[in-house]
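Student: query.txt is reproduced in full below (compact mmCIF, C-alpha atoms).
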```txt
# COMPACT_ATOMS: atom_id res chain seq x y z
CA MET M 23 -156.26 24.36 -135.06
CA VAL M 24 -156.91 27.27 -132.77
CA ALA M 25 -160.13 28.99 -131.78
CA LEU M 26 -160.89 32.23 -133.57
CA SER M 27 -162.15 35.48 -132.14
CA SER M 28 -164.74 37.49 -134.06
CA LEU M 29 -163.46 38.35 -137.53
CA SER M 30 -165.96 41.13 -138.22
CA PRO M 31 -164.00 44.20 -139.35
CA GLY M 32 -165.08 47.80 -139.16
CA PRO M 33 -166.43 49.65 -142.20
CA PRO M 34 -164.02 50.56 -145.01
CA ARG M 35 -162.00 53.72 -144.43
CA PRO M 36 -161.52 55.52 -147.73
CA SER M 37 -158.84 58.16 -147.54
CA PRO M 38 -158.47 61.16 -149.82
CA SER M 39 -155.52 60.90 -152.14
CA PRO M 40 -153.80 63.41 -154.41
CA ALA M 41 -153.45 60.51 -156.86
CA THR M 42 -157.16 60.70 -157.58
CA ARG M 43 -156.66 63.92 -159.54
CA PRO M 44 -157.20 62.89 -163.18
CA PRO M 45 -154.66 63.40 -165.97
CA PRO M 46 -155.66 65.10 -169.24
CA PRO M 47 -158.90 63.62 -170.65
CA THR M 48 -158.47 60.89 -173.23
CA PRO M 49 -160.38 61.13 -176.50
CA HIS M 50 -162.83 58.55 -177.74
CA VAL M 51 -161.05 55.79 -179.67
CA HIS M 52 -162.82 54.82 -182.90
CA THR M 53 -162.81 51.27 -184.21
CA SER M 54 -161.62 52.23 -187.69
CA SER M 55 -157.94 51.33 -188.03
CA ARG M 56 -157.27 54.57 -189.98
CA LEU M 57 -158.85 56.67 -187.25
CA ARG M 58 -157.17 54.76 -184.45
CA GLY M 59 -153.69 55.97 -185.36
CA ARG M 60 -154.93 59.54 -185.89
CA THR M 61 -156.71 59.55 -182.53
CA LEU M 62 -153.72 58.25 -180.60
CA ARG M 63 -151.36 60.76 -182.26
CA ALA M 64 -153.73 63.52 -181.23
CA ALA M 65 -153.87 62.14 -177.70
CA THR M 66 -150.09 62.16 -177.47
CA ALA M 67 -149.93 65.78 -178.60
CA ALA M 68 -152.62 66.78 -176.10
CA ALA M 69 -150.89 65.28 -173.06
CA THR M 70 -148.96 68.32 -171.86
CA THR M 71 -149.97 68.57 -168.20
CA PRO M 72 -146.95 68.22 -165.86
CA GLY M 73 -146.93 65.05 -163.76
CA ALA M 74 -148.88 62.96 -166.27
CA ASP M 75 -145.75 61.31 -167.64
CA ASP M 76 -147.41 57.89 -167.92
CA TYR M 77 -149.90 59.34 -170.37
CA HIS M 78 -147.12 59.82 -172.93
CA SER M 79 -145.49 56.45 -172.27
CA THR M 80 -148.79 54.55 -172.47
CA ILE M 81 -149.68 55.95 -175.88
CA ARG M 82 -146.14 55.48 -177.21
CA SER M 83 -146.03 51.91 -175.89
CA LEU M 84 -149.30 50.96 -177.55
CA ASN M 85 -148.17 52.48 -180.85
CA SER M 86 -144.79 50.73 -180.62
CA ARG M 87 -146.47 47.30 -180.58
CA GLY M 88 -149.02 48.15 -183.26
CA ARG M 89 -151.73 47.73 -180.64
CA HIS M 90 -153.76 50.93 -180.98
CA VAL M 91 -156.73 49.85 -178.84
CA PRO M 92 -156.60 47.95 -175.53
CA ARG M 93 -158.57 44.69 -175.59
CA LYS M 94 -161.87 44.97 -173.76
CA SER M 95 -162.10 41.17 -173.54
CA LEU M 96 -159.01 41.19 -171.31
CA GLY M 97 -160.23 44.08 -169.17
CA GLN M 98 -157.31 46.26 -170.29
CA ASN M 99 -157.49 49.77 -168.84
CA TYR M 100 -154.02 51.27 -168.56
CA MET M 101 -153.00 53.64 -165.76
CA LEU M 102 -152.08 57.12 -166.95
CA ASN M 103 -151.11 58.76 -163.66
CA SER M 104 -147.72 57.86 -162.22
CA LYS M 105 -148.73 59.20 -158.79
CA VAL M 106 -151.37 56.46 -158.54
CA ASN M 107 -148.71 53.83 -159.21
CA GLU M 108 -146.48 55.35 -156.53
CA GLU M 109 -149.31 55.28 -153.98
CA LEU M 110 -150.19 51.71 -154.92
CA VAL M 111 -146.58 50.72 -154.21
CA ALA M 112 -146.62 52.70 -150.94
CA ALA M 113 -149.88 51.02 -149.84
CA ALA M 114 -148.08 47.66 -150.01
CA GLY M 115 -145.05 48.98 -148.14
CA VAL M 116 -142.76 47.78 -150.91
CA GLU M 117 -139.09 48.21 -150.02
CA GLU M 118 -135.64 47.19 -151.14
CA GLY M 119 -135.31 43.42 -151.45
CA ASP M 120 -139.03 42.62 -151.63
CA VAL M 121 -140.25 40.02 -154.12
CA VAL M 122 -143.50 41.11 -155.77
CA LEU M 123 -145.99 39.27 -157.94
CA GLU M 124 -147.59 41.68 -160.43
CA ILE M 125 -150.63 40.53 -162.42
CA GLY M 126 -151.30 42.17 -165.78
CA PRO M 127 -148.37 44.63 -166.03
CA GLY M 128 -149.71 46.05 -169.30
CA THR M 129 -147.30 48.73 -170.52
CA GLY M 130 -145.14 48.40 -167.41
CA SER M 131 -145.94 51.69 -165.65
CA LEU M 132 -146.58 50.03 -162.27
CA THR M 133 -143.67 47.65 -162.92
CA ALA M 134 -141.40 50.69 -163.20
CA ALA M 135 -142.59 52.03 -159.84
CA LEU M 136 -142.01 48.64 -158.19
CA LEU M 137 -138.50 48.35 -159.60
CA GLN M 138 -137.76 51.92 -158.55
CA ALA M 139 -138.74 50.97 -154.98
CA GLY M 140 -136.11 48.22 -155.05
CA ALA M 141 -138.40 45.21 -155.56
CA THR M 142 -137.76 42.15 -157.68
CA VAL M 143 -140.84 41.65 -159.86
CA PHE M 144 -142.42 38.46 -161.19
CA ALA M 145 -144.96 39.70 -163.77
CA VAL M 146 -147.70 37.47 -165.22
CA GLU M 147 -149.27 38.85 -168.42
CA LYS M 148 -151.90 37.07 -170.52
CA ASP M 149 -151.53 39.30 -173.60
CA LYS M 150 -148.46 38.20 -175.57
CA HIS M 151 -148.05 41.67 -177.11
CA MET M 152 -147.95 43.35 -173.70
CA ALA M 153 -145.64 40.66 -172.30
CA ALA M 154 -143.19 41.38 -175.15
CA LEU M 155 -143.56 45.13 -174.58
CA VAL M 156 -142.62 44.86 -170.90
CA LYS M 157 -139.63 42.66 -171.72
CA ASP M 158 -138.48 45.19 -174.35
CA ARG M 159 -139.03 48.16 -172.07
CA PHE M 160 -136.86 46.93 -169.22
CA GLY M 161 -134.39 44.81 -171.16
CA SER M 162 -132.27 42.19 -169.45
CA THR M 163 -132.37 42.62 -165.68
CA GLU M 164 -132.31 40.15 -162.81
CA GLN M 165 -134.93 42.28 -161.06
CA LEU M 166 -137.69 41.30 -163.48
CA LYS M 167 -139.13 38.08 -164.86
CA VAL M 168 -142.10 38.22 -167.27
CA ILE M 169 -144.31 35.18 -167.82
CA GLU M 170 -146.88 35.04 -170.62
CA GLU M 171 -149.77 33.25 -168.90
CA ASP M 172 -153.37 33.60 -167.71
CA ILE M 173 -153.15 34.11 -163.93
CA THR M 174 -156.38 32.16 -163.39
CA LYS M 175 -154.68 29.10 -164.92
CA PHE M 176 -151.22 29.76 -163.54
CA HIS M 177 -149.96 27.45 -160.79
CA ILE M 178 -148.35 29.93 -158.40
CA ARG M 179 -146.81 27.37 -156.07
CA SER M 180 -145.10 25.50 -158.91
CA HIS M 181 -143.72 28.50 -160.79
CA PHE M 182 -143.54 31.48 -158.43
CA LEU M 183 -142.30 29.76 -155.25
CA PRO M 184 -138.95 28.62 -156.75
CA PHE M 185 -138.38 32.18 -158.03
CA MET M 186 -139.21 33.65 -154.61
CA LYS M 187 -136.93 31.25 -152.75
CA GLU M 188 -134.08 32.00 -155.14
CA LYS M 189 -134.43 35.76 -154.65
CA CYS M 190 -135.05 35.65 -150.90
CA HIS M 191 -132.06 33.34 -150.39
CA ALA M 192 -131.92 32.10 -146.80
CA THR M 193 -134.49 34.56 -145.41
CA LYS M 194 -138.04 33.56 -144.57
CA LYS M 195 -139.50 36.82 -145.86
CA LEU M 196 -142.84 36.43 -147.63
CA ALA M 197 -143.59 37.93 -151.02
CA LYS M 198 -146.21 40.60 -151.83
CA VAL M 199 -148.80 41.02 -154.57
CA VAL M 200 -149.22 44.48 -156.09
CA SER M 201 -151.39 44.86 -159.17
CA ASN M 202 -153.58 47.14 -161.21
CA LEU M 203 -155.87 44.20 -161.80
CA PRO M 204 -158.04 43.74 -164.90
CA PHE M 205 -161.54 44.42 -163.54
CA ASN M 206 -163.05 41.37 -165.23
CA VAL M 207 -161.05 38.84 -163.16
CA SER M 208 -160.96 40.63 -159.81
CA THR M 209 -162.99 38.31 -157.53
CA GLU M 210 -161.52 35.20 -159.20
CA VAL M 211 -158.00 36.42 -158.45
CA VAL M 212 -158.94 37.36 -154.86
CA ARG M 213 -160.18 33.80 -154.32
CA LEU M 214 -156.93 32.46 -155.74
CA LEU M 215 -154.56 34.60 -153.65
CA LEU M 216 -156.06 35.04 -150.19
CA PRO M 217 -155.59 31.41 -148.99
CA MET M 218 -151.85 31.77 -149.70
CA GLY M 219 -150.74 33.28 -146.39
CA ASP M 220 -147.71 31.01 -146.45
CA VAL M 221 -146.50 32.70 -149.66
CA PHE M 222 -147.67 36.32 -149.46
CA SER M 223 -147.82 38.74 -146.53
CA VAL M 224 -150.03 41.32 -148.24
CA VAL M 225 -152.09 41.62 -151.43
CA VAL M 226 -152.74 45.15 -152.71
CA LEU M 227 -155.01 45.46 -155.73
CA MET M 228 -156.68 48.07 -157.89
CA LEU M 229 -160.30 46.96 -158.35
CA GLN M 230 -163.59 48.57 -159.31
CA ASP M 231 -164.55 50.96 -156.53
CA GLU M 232 -167.86 49.21 -155.79
CA THR M 233 -166.14 45.82 -155.58
CA ALA M 234 -163.45 47.16 -153.23
CA VAL M 235 -166.06 48.72 -150.92
CA ARG M 236 -168.09 45.51 -150.76
CA LEU M 237 -165.05 43.30 -150.10
CA ALA M 238 -163.79 45.58 -147.33
CA ASP M 239 -167.13 45.90 -145.51
CA ALA M 240 -168.42 42.65 -144.01
CA SER M 241 -171.61 44.40 -142.88
CA ILE M 242 -172.88 44.33 -146.48
CA GLN M 243 -175.07 41.24 -146.43
CA SER M 244 -176.30 41.00 -150.02
CA PRO M 245 -176.68 37.40 -151.27
CA GLU M 246 -174.07 38.10 -153.95
CA TYR M 247 -171.33 39.14 -151.50
CA ARG M 248 -172.19 37.42 -148.18
CA LEU M 249 -170.14 34.28 -148.82
CA MET M 250 -167.32 36.27 -150.43
CA ASN M 251 -167.14 38.52 -147.36
CA VAL M 252 -166.81 35.45 -145.13
CA PHE M 253 -164.04 34.13 -147.38
CA VAL M 254 -162.16 37.47 -147.44
CA ASN M 255 -162.29 38.00 -143.68
CA PHE M 256 -161.44 34.40 -142.86
CA TYR M 257 -158.18 34.58 -144.79
CA SER M 258 -157.26 38.25 -144.47
CA GLU M 259 -157.76 41.66 -142.91
CA PRO M 260 -159.10 43.84 -145.74
CA GLU M 261 -158.73 47.62 -145.79
CA TYR M 262 -160.09 50.08 -148.34
CA LYS M 263 -157.23 52.47 -149.11
CA PHE M 264 -158.35 55.13 -151.61
CA ARG M 265 -160.53 55.78 -154.64
CA VAL M 266 -159.05 56.42 -158.09
CA ASN M 267 -161.03 58.53 -160.54
CA ARG M 268 -161.93 56.79 -163.80
CA GLU M 269 -160.23 59.56 -165.82
CA ASN M 270 -156.88 58.15 -164.69
CA PHE M 271 -157.31 55.11 -167.00
CA PHE M 272 -157.03 54.62 -170.75
CA PRO M 273 -159.45 53.79 -172.16
CA GLN M 274 -161.70 55.39 -169.57
CA PRO M 275 -163.95 52.78 -167.89
CA LYS M 276 -167.54 53.50 -166.85
CA VAL M 277 -166.69 53.21 -163.14
CA ASP M 278 -164.04 54.51 -160.74
CA GLY M 279 -161.30 52.29 -159.42
CA ALA M 280 -160.09 51.84 -155.85
CA VAL M 281 -157.08 50.38 -154.06
CA ILE M 282 -157.75 47.72 -151.43
CA SER M 283 -155.24 45.96 -149.20
CA PHE M 284 -155.56 42.41 -147.85
CA LYS M 285 -153.23 41.59 -144.98
CA LEU M 286 -153.05 37.81 -145.17
CA LYS M 287 -153.38 35.71 -142.04
CA ASN M 288 -151.11 32.86 -141.00
CA ALA M 289 -152.25 29.91 -143.08
CA GLU M 290 -151.29 27.42 -140.36
CA GLU M 291 -154.11 28.68 -138.13
CA TYR M 292 -156.89 27.61 -140.47
CA PRO M 293 -158.34 24.33 -141.69
CA PRO M 294 -158.68 23.71 -145.45
CA VAL M 295 -162.23 25.08 -145.79
CA ASN M 296 -162.04 26.24 -149.38
CA SER M 297 -164.57 23.62 -150.45
CA ALA M 298 -167.23 25.19 -148.23
CA PHE M 299 -166.68 28.59 -149.80
CA MET M 300 -166.71 27.31 -153.36
CA GLY M 301 -169.88 25.23 -153.04
CA LYS M 302 -172.28 27.82 -151.68
CA ARG M 303 -175.35 25.70 -152.59
CA LYS M 304 -173.92 22.54 -151.06
CA MET M 305 -174.92 21.74 -147.47
CA LEU M 306 -172.12 22.21 -144.94
CA ARG M 307 -172.54 18.69 -143.59
CA LYS M 308 -171.35 17.49 -147.01
CA SER M 309 -168.84 20.19 -148.00
CA LEU M 310 -166.94 19.97 -144.67
CA GLN M 311 -166.65 16.17 -144.53
CA HIS M 312 -162.90 16.48 -145.09
CA LEU M 313 -162.76 17.94 -141.53
CA CYS M 314 -165.06 15.55 -139.65
CA SER M 315 -168.12 13.34 -140.06
CA SER M 316 -171.57 14.54 -141.14
CA SER M 317 -173.03 13.76 -137.71
CA GLU M 318 -170.34 15.83 -135.99
CA ILE M 319 -170.98 18.73 -138.37
CA GLU M 320 -174.74 18.49 -137.77
CA SER M 321 -174.13 18.53 -134.00
CA ALA M 322 -171.92 21.62 -134.29
CA LEU M 323 -174.53 23.40 -136.43
CA GLY M 324 -177.21 22.62 -133.84
CA ASN M 325 -175.02 23.93 -131.02
CA ILE M 326 -174.78 27.34 -132.66
CA GLY M 327 -178.47 27.51 -133.53
CA LEU M 328 -178.31 26.64 -137.22
CA PRO M 329 -180.29 23.96 -139.08
CA VAL M 330 -178.48 20.79 -140.11
CA THR M 331 -179.33 21.64 -143.73
CA ALA M 332 -177.48 24.99 -143.57
CA ARG M 333 -175.47 26.04 -146.60
CA PRO M 334 -172.46 28.43 -146.62
CA SER M 335 -174.57 31.22 -148.12
CA ASP M 336 -176.89 31.02 -145.07
CA LEU M 337 -174.13 31.99 -142.62
CA ILE M 338 -172.85 35.40 -141.66
CA LEU M 339 -169.21 35.88 -140.72
CA ASP M 340 -169.59 35.31 -136.98
CA ASP M 341 -171.70 32.15 -137.60
CA PHE M 342 -168.79 30.72 -139.53
CA VAL M 343 -166.33 31.60 -136.76
CA ARG M 344 -168.52 29.88 -134.13
CA LEU M 345 -168.92 26.81 -136.36
CA HIS M 346 -165.14 26.64 -136.83
CA ASN M 347 -164.56 26.86 -133.09
CA HIS M 348 -167.06 24.04 -132.40
CA LEU M 349 -165.49 21.81 -135.04
CA THR M 350 -162.02 22.27 -133.55
CA LYS M 351 -163.31 20.71 -130.30
CA VAL M 352 -164.44 17.53 -132.09
```
Write the structure described by the file as C-alpha cells, please.
Tutor:
Amino acid sequence: MVALSSLSPGPPRPSPSPATRPPPPTPHVHTSSRLRGRTLRAATAAATTPGADDYHSTIRSLNSRGRHVPRKSLGQNYMLNSKVNEELVAAAGVEEGDVVLEIGPGTGSLTAALLQAGATVFAVEKDKHMAALVKDRFGSTEQLKVIEEDITKFHIRSHFLPFMKEKCHATKKLAKVVSNLPFNVSTEVVRLLLPMGDVFSVVVLMLQDETAVRLADASIQSPEYRLMNVFVNFYSEPEYKFRVNRENFFPQPKVDGAVISFKLKNAEEYPPVNSAFMGKRKMLRKSLQHLCSSSEIESALGNIGLPVTARPSDLILDDFVRLHNHLTKV
C-alpha cells in the first residue's frame, strides 16, 4: 500500500451545455387506461420541433410494448433529447472498440448513441418489457448484449468480466460505464461501481442535479453526505459535467438532472476499506480489523488527533487519508 496525498477536490465545475435546451413539453399522463392512449397519441402529434427525434421514438416505443406509462417504482424517466445522449457519450470519451456497461437502457436512445460511437454495449435492464424492447429495436448484433436483471443484485465480476475479456481480446483496456441512471438507485449504484477500478476506467452517470453537486463537492459536510464524499473521493476523481433541464425527460420529474463523471483510481493502491464506509455507526477500531489489530488502529487514531471511539461519519476526507497513511506504516 502506498501513502496518499490529500484527496480533497475543488468545487464542482458545471458547464453550460446546448443539450440542456428542453424538447417540446410533455402533457400530463392520466392514470385511466383509456386516456393514456389518447394522451400519448396527442404527444406524438405535438412533437414537431426539429432535433427532438427521441421524443417521437420514446412515445412510439412505449406504445409498441403496450406500456403507456413509465413505472415510477423503477424510477423510469426516459430521455427525449438526443443531444443530451450525445453529450453523455462524449463526456465518457467513448470511442471505437470501447466496451460499455449501460444500466437501465429503457427505450434504447442512449444505447443507440453508444453503438453509433463504435462501442460494444452490455445493457442491464430490470424491466422485462424494456429489455425486450431494446432487443427488438436493435435486433441481432454482436455489438449489444441485453440482460434482464436488477443491477443492485447483479454480480458484475461474474457476468460482465467474461464479456469484456471476450470483446477486448488480448488488450488490457478497461471498460466504461455510461448510463442515464434511474434516480431512485443512484447512490446505491455509485457505491457498487466506484471500487471497481480494475474493471472500469470511468463511470459517467445522469443523476439528480442536487445529488451530482453533492457527490462532486467534498466541501459539503452535511451528515448525510460526509461519509459518501469520503467514499467517492477515495475511489475516484469526481467531476460535475453539466445540468440537464427536467423538461428533457418523460415523464417530467420534479427536479433537474445532471451528468457527473467519476474517473476511477487504480484499485491496487488501496486497501479493502469498504467495511468502514458501509458501517458508518461502527467504530473504526472494529470495522478496520481486517487491516490490523484494534490497538494499532487506536494508536493511529490518536496520532492524528482523533478519539479511539471515532466512527467513519466523524471523519472528514483528509482525516481518512491521514489515518490510511498511518495504518500503512504498521
Student: Pick the closest to Phe284 of chain M from M:Ser321, M:Ser335, M:Thr350, M:Ser223: which is it, counting only C-alpha atoms?
Tutor: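 Of all the options, M:Ser223 lies closest to Phe284 of chain M.
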Student: Please list as a list in words every residue within 8 Å of Ser258 of chain M, counting only C-alpha atoms and excluding residues in the same chain fewer than 2 positions away.
Tutor: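 Non-adjacent residues within range: Leu216, Val254, Asn255, Phe256, Pro260, Phe284, Lys285, Leu286 and Lys287 of chain M.
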Student: What's the separation between atom CA of Glu108 of chain M and atom CA of Leu132 of chain M, in Å to one decimal place?
Tutor: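 Result for atom CA of Glu108 of chain M versus atom CA of Leu132 of chain M: 7.8 Å, one decimal.
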Student: If I put a ball of radius 10 Å at (-150.2, 38.3, -162.1) in the file's coordinates, which residues poke into it when counting all atoms listed in the file, written as JSON, numbers by chain?
Tutor: {"M": [122, 123, 124, 125, 126, 127, 144, 145, 146, 147, 148, 168, 169, 170, 171, 172, 173, 174, 176, 178, 199, 200, 201, 202, 203, 204, 211]}
Student: Name the closest residue to Gly161 of chain M among the candidates M:Gly130, M:Gly115, M:Asp278, M:Leu183; distances are taken between atoms, counting all atoms listed in the file.
Tutor: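 Of M:Gly130, M:Gly115, M:Asp278, M:Leu183, the one nearest Gly161 of chain M is M:Gly130, counting all atoms listed in the file.
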Student: Please measure the separation of atom CA of Ser104 of chain M and atom CA of Glu164 of chain M, giving the value in Å to one decimal.
Tutor: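 Spanning atom CA of Ser104 of chain M to atom CA of Glu164 of chain M is a straight-line distance of 23.5 Å.
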Student: For Ser131 of chain M, which of M:Leu313, M:Ala240, M:Leu229, M:Leu110 is the closest residue, counting only C-alpha atoms?
Tutor: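 Among the listed residues, M:Leu110 lies closest to Ser131 of chain M.
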Student: So, with only C-alpha atoms as the atoms that count, which of M:Thr129, M:Ser208, M:Thr331, M:Ser316 lies closest to Val281 of chain M?
Tutor: M:Ser208
Student: Which residues come within 10 Å of Phe205 of chain M, counting all atoms listed in the file, excluding same-chain residues fewer than 5 positions away, as a PDB file with C-alpha atoms, in the frame of the given file?
Tutor:
```pdb
ATOM      1  CA  LEU M  96    -159.010  41.190-171.310  1.00  0.00           C
ATOM      2  CA  GLY M  97    -160.230  44.080-169.170  1.00  0.00           C
ATOM      3  CA  GLN M  98    -157.310  46.260-170.290  1.00  0.00           C
ATOM      4  CA  ASN M  99    -157.490  49.770-168.840  1.00  0.00           C
ATOM      5  CA  MET M 228    -156.680  48.070-157.890  1.00  0.00           C
ATOM      6  CA  LEU M 229    -160.300  46.960-158.350  1.00  0.00           C
ATOM      7  CA  GLN M 230    -163.590  48.570-159.310  1.00  0.00           C
ATOM      8  CA  THR M 233    -166.140  45.820-155.580  1.00  0.00           C
ATOM      9  CA  PRO M 275    -163.950  52.780-167.890  1.00  0.00           C
ATOM     10  CA  GLY M 279    -161.300  52.290-159.420  1.00  0.00           C
TER      11      GLY M 279
END
```
Student: Do you know which residues lie at most 10 Å from (-133.7, 35.6, -155.3), with coordinates as in the file and all atoms listed in the file counted, and could you write them as a list in words?
Tutor: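 It turns out the residues near that spot are Gly119, Asp120, Val121, Thr142, Glu164, Gln165, Pro184, Phe185, Met186, Lys187, Glu188, Lys189, Cys190, His191, Ala192 and Thr193 of chain M.
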Student: Can you spit out the residues from that selection as a CSV table (one decimal), in the frame of the given file, using C-alpha atoms?
Tutor:
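The new file result.csv reads:
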```csv
chain,number,residue,atom,x,y,z
M,119,GLY,CA,-135.3,43.4,-151.4
M,120,ASP,CA,-139.0,42.6,-151.6
M,121,VAL,CA,-140.2,40.0,-154.1
M,142,THR,CA,-137.8,42.2,-157.7
M,164,GLU,CA,-132.3,40.2,-162.8
M,165,GLN,CA,-134.9,42.3,-161.1
M,184,PRO,CA,-139.0,28.6,-156.8
M,185,PHE,CA,-138.4,32.2,-158.0
M,186,MET,CA,-139.2,33.6,-154.6
M,187,LYS,CA,-136.9,31.2,-152.8
M,188,GLU,CA,-134.1,32.0,-155.1
M,189,LYS,CA,-134.4,35.8,-154.6
M,190,CYS,CA,-135.0,35.6,-150.9
M,191,HIS,CA,-132.1,33.3,-150.4
M,192,ALA,CA,-131.9,32.1,-146.8
M,193,THR,CA,-134.5,34.6,-145.4
```
Student: As an exercise, work out the distance from atom CA of Arg268 of chain M to atom CA of Asp239 of chain M in Å and give it to one decimal place.
Tutor: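 Atom-to-atom, atom CA of Arg268 of chain M to atom CA of Asp239 of chain M, that is 21.9 Å.
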Student: Out of M:Glu118, M:Asp149, M:Glu232, M:Glu259, which residue has the shortest atom-to-atom distance to Ala280 of chain M when counting all atoms listed in the file?
Tutor: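 Going through M:Glu118, M:Asp149, M:Glu232, M:Glu259 one by one, the smallest distance to Ala280 of chain M is for M:Glu232.
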Student: Name all residues at most 9 Å from Ala134 of chain M (count all atoms listed in the file; drop same-chain ones fewer than 5 positions away) and give them as an MDAnalysis selection string.
Tutor: chainID M and resid 107 139 160
